Every structure is written in structure tokens, then in C-alpha cells.
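Enquirer: Before we start, here is the structure in question, set down as C-alpha cells.
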Amino acid sequence: MGDVTVTAGPVPIGDVEQTPAAAAARAAMHTAEAEKLAAQGLWEQAYTHLRAAVRLHHLAGSATTGPDELDRLRREHAEAREQSLRDSLTASYNRRYLDERLGALLTDLAGLGDDTAGATGICVALADIDHFKLVNDTYGHLLGDRVLQRMVSELDAALPDGAFCARYGGEEFALVMPGRDLGDAVRWCEAARERIAQHPWHELHQDLRVTVSIGVAHSDSRPTDVERLIGAADAHLYTAKQAGRNAVAYRAARTGLVRLAGPASRRRSIPQPVRTTG
């Protein structure tokens, strides 16, 4: 890490010129506010303040701010950024991270660090806990929160290397599998569904049973965007729900029809949603 540069004159901050001392004072205010917000678990707001503090210190080059202080501030800034991308309840990635990371992956499929990534594309699945409102209504929200936390652990344990789980909202989670073809992704999701169905939920309550429904969508090297890909996964998730829940739904590449994976494939009626991606 380089030495701190000390500036002699006023420093432009936005449209306002400030002395190094004034900039350092503003940086200290941002740092103090960030510490308060971090203590409350408000990491995204804390990150914003720490980013401003680092920028002010760099621009001001305050002689009173030594390398050790800047190192500490940078570490806190990095931690706050990481925490701002995490869901506070489950510690999984949040919607912000999902949008940023998936958008970057879709922008350049060839940049996934895998020779086959451009050929296999990216798979995204949406997993939704079946009848979760009933879980909350029957057993209470505290137990519902514990179900969400265990759900993340089970989903993470079932994912292949390089994949990640993000809380999409409420009891719904997005599973992103870069460099995987549709067949691989469906097998991973079916394994996750079975793992969750067989989990010892009775450890939380003797009468508790939890299952998930999952919709899987695939994007090859043709351009698409986050909204379209997640929209396709959501349509397939809806099919899994309509077909009886506790199932993985996907659109078969050969026939273009939505199918269910595993034992659920023997179900008699599988609704066909309108196709949302090319």
C-alpha cells in the first residue's frame, strides 16, 4: 500500500472546495456514523459512509491521518461492503449481490474462468419454501426464521463449486450455477429438493415438515438479462407449485415443454407456462 500524499491547498469535494483539515473532519464524521450503523447491523448504510470517509481521506491527504489509520479504514470499508451484500437473517447473499453478480456473469459468459463456460452458459433456479405462511402461522415467526436459516445451509450444501445462493425475498432463494448446462443444474436442484425433504425438521418441532419447489432456467451464450432469466425460472417455479409442489420444474431443450424432475415426473398433469426467454 502506498504512502499517503499530503496536499497543501484546498481540496475539491463535489462542487465545494475544502481545506485538508475540513475534509479530514468530514471523514471522521462519516466514520463515526458508519460505526453506529454497523453496530445496528445496517451494513449497506455503513458502507456508504465508509466509502465517503475513505474518499475524503484520500483527497485531503491529511497529515494527521497515518497509514495505519487508513489501513484500518480500508479494512472496515471492505467488511462493510461484504456485509452489505449479505442478508442479515440468513447470512446468504442478498438481492443486491444477486443483481450485480448475475448481471456481470451474463454480460460476459466467456469471463467465468472456465473453458467450457461460454458453451454451457449459466443456470438460475428459484427455490420457494412450500406453505411457508402456514409454518409461520402454526409455529411462530421465530421458528420460521430458523427454518429460513437451515434452508440456506441445506441449499448451499447441495450446490456445485462456483455456484451461490442468494435470498431473493421472503422465503424465496435464487441459486446461480455458472458454467453448468441445464441437465447438470436440474440434477443439482433435484438433489437439493430431496435433501431438504429428508432434513430432520422435527429437531425444530416434532410436527414440522418442510419441502421446496424449484424452477430452473438456462441461458446459453446468446445475450439475455437478469430480469428475463429470473422471469423464466419464476415461471417454471409456478409450474412446480401448480403441479403439486415439492418438485423441480424446467423446460426440456429437446421438446420445449416444461417437465418435472425425479419422482415428480410421474405426476399426471404438468401445466405449460408461456415461454419468456429465447
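Identifiers in the C-alpha cells: chain A, B, ... in order shown; residue index from 1 per chain; ligand index from 1 in order shown.
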Report as a list of chain:residue names all protein, DNA and RNA residues lying within 10 Å of Asp184 in chain A, evaluated on only C-alpha atoms, omitting residues in the same chain fewer than 6 positions from it.
Expert: A:Thr120, A:Cys123, A:Pro160, A:Met177, A:Glu190
Enquirer: Dump N, CA and C atoms for the selected residues as a PDB file, in the first residue's frame?
Expert:
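Output saved as part16.pdb:
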```pdb
ATOM      1  N   THR A 120     -21.552 -23.819 -22.072  1.00  0.00           N
ATOM      2  CA  THR A 120     -22.605 -24.328 -21.199  1.00  0.00           C
ATOM      3  C   THR A 120     -23.523 -23.234 -20.685  1.00  0.00           C
ATOM      4  N   CYS A 123     -27.011 -21.291 -15.403  1.00  0.00           N
ATOM      5  CA  CYS A 123     -28.333 -21.720 -14.954  1.00  0.00           C
ATOM      6  C   CYS A 123     -28.715 -20.959 -13.691  1.00  0.00           C
ATOM      7  N   PRO A 160     -23.036 -27.036  -6.532  1.00  0.00           N
ATOM      8  CA  PRO A 160     -21.695 -27.373  -7.040  1.00  0.00           C
ATOM      9  C   PRO A 160     -20.713 -26.230  -6.785  1.00  0.00           C
ATOM     10  N   MET A 177     -25.794 -20.964 -10.991  1.00  0.00           N
ATOM     11  CA  MET A 177     -24.815 -22.012 -11.302  1.00  0.00           C
ATOM     12  C   MET A 177     -24.108 -21.683 -12.603  1.00  0.00           C
ATOM     13  N   GLU A 190     -32.579 -31.095  -8.068  1.00  0.00           N
ATOM     14  CA  GLU A 190     -33.345 -32.245  -7.586  1.00  0.00           C
ATOM     15  C   GLU A 190     -32.694 -32.841  -6.342  1.00  0.00           C
TER      16      GLU A 190
END
```
Enquirer: Excluding Arg251 in chain A and residues on its chain fewer than 4 positions from it, collect all residues at most 8 Å away from it, counting only C-alpha atoms, and give them as a list of chain:residue names.
Expert: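 Contacts, with the query itself left out: A:Val216, A:Ala217, A:His236, A:Gly256, A:Leu257, A:Val258, A:Arg259.
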Enquirer: Find the residue from A:Ile122, A:Ala185, A:Ala91, A:Leu237 that sits nearest to Met151 in chain A; use only C-alpha atoms when measuring.
Expert: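 Using only C-alpha atoms, the shortest distance to Met151 in chain A belongs to A:Ala91.
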Enquirer: Write out as an MDAnalysis selection string which residues come within 10 Å of range 226-232 of chain A when counting only C-alpha atoms, dropping same-chain ones fewer than 6 positions away.
Expert: chainID A and resid 98:107 122:126 174 215:219 238 250:251 273:278
Enquirer: Just asking: which residues within range 92-274 of chain A are strand (DSSP E or B) according to DSSP, as a count of residues only?
Expert: 37
Enquirer: Looking at A:Leu208, A:Leu182, A:Ala249, A:Ala197, which one is nearest to Leu134 in chain A, with distances taken over only C-alpha atoms?
Expert: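 Among the listed residues, A:Leu208 lies closest to Leu134 in chain A.
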Enquirer: Report the distance between CA of Asn94 in chain A and CA of Leu148 in chain A in Å, rounded to one decimal place.
Expert: 13.4 Å
Enquirer: Would you mind telling me which residue in A:Val147, A:Ala38, A:Ala28, A:Leu204 lies nearest to Gly170 in chain A when using only C-alpha atoms?
Expert: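 Closest to Gly170 in chain A, using only C-alpha atoms: A:Val147.
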Enquirer: Calculate how many Å separate CA of Gln45 in chain A from CA of Glu33 in chain A, rounding to one decimal.
Expert: 9.2 Å
Enquirer: Apply DSSP to the backbone of this structure and, from range 111-262 of chain A, keep only the residues in alpha helix (DSSP H); write these as a ChimeraX atom specification.
Expert: /A:117-120,132-139,141-158,182-197,226-242
Enquirer: Any idea what's packed within 8 Å of Asp128 in chain A, counting only C-alpha atoms, ignoring anything in its chain fewer than 2 positions away? Could you give it as a PDB file with N, CA and C atoms, in the first residue's frame?
Expert:
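As written to disk, selection31.pdb reads:
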```
ATOM      1  N   LEU A 126     -34.957 -20.699  -8.979  1.00  0.00           N
ATOM      2  CA  LEU A 126     -35.651 -20.065  -7.868  1.00  0.00           C
ATOM      3  C   LEU A 126     -36.273 -21.166  -7.023  1.00  0.00           C
ATOM      4  N   ASP A 130     -42.398 -24.391   0.414  1.00  0.00           N
ATOM      5  CA  ASP A 130     -43.823 -24.683   0.264  1.00  0.00           C
ATOM      6  C   ASP A 130     -44.588 -24.367   1.553  1.00  0.00           C
ATOM      7  N   GLU A 171     -39.411 -16.071   1.533  1.00  0.00           N
ATOM      8  CA  GLU A 171     -38.992 -17.473   1.633  1.00  0.00           C
ATOM      9  C   GLU A 171     -38.483 -18.000   0.293  1.00  0.00           C
ATOM     10  N   GLU A 172     -38.057 -17.094  -0.591  1.00  0.00           N
ATOM     11  CA  GLU A 172     -37.611 -17.482  -1.926  1.00  0.00           C
ATOM     12  C   GLU A 172     -36.114 -17.221  -2.078  1.00  0.00           C
ATOM     13  N   PHE A 173     -35.414 -18.194  -2.673  1.00  0.00           N
ATOM     14  CA  PHE A 173     -33.966 -18.116  -2.826  1.00  0.00           C
ATOM     15  C   PHE A 173     -33.582 -18.365  -4.280  1.00  0.00           C
ATOM     16  N   VAL A 212     -39.562 -27.854  -0.667  1.00  0.00           N
ATOM     17  CA  VAL A 212     -39.396 -26.703  -1.557  1.00  0.00           C
ATOM     18  C   VAL A 212     -39.834 -27.054  -2.974  1.00  0.00           C
ATOM     19  N   SER A 213     -40.250 -26.039  -3.688  1.00  0.00           N
ATOM     20  CA  SER A 213     -40.491 -26.135  -5.118  1.00  0.00           C
ATOM     21  C   SER A 213     -39.434 -25.281  -5.811  1.00  0.00           C
ATOM     22  N   ILE A 214     -38.944 -25.766  -6.959  1.00  0.00           N
ATOM     23  CA  ILE A 214     -37.829 -25.107  -7.635  1.00  0.00           C
ATOM     24  C   ILE A 214     -38.116 -24.998  -9.125  1.00  0.00           C
ATOM     25  N   LEU A 237     -41.003 -22.179 -11.626  1.00  0.00           N
ATOM     26  CA  LEU A 237     -41.341 -22.377 -10.218  1.00  0.00           C
ATOM     27  C   LEU A 237     -42.855 -22.439 -10.038  1.00  0.00           C
TER      28      LEU A 237
END
```
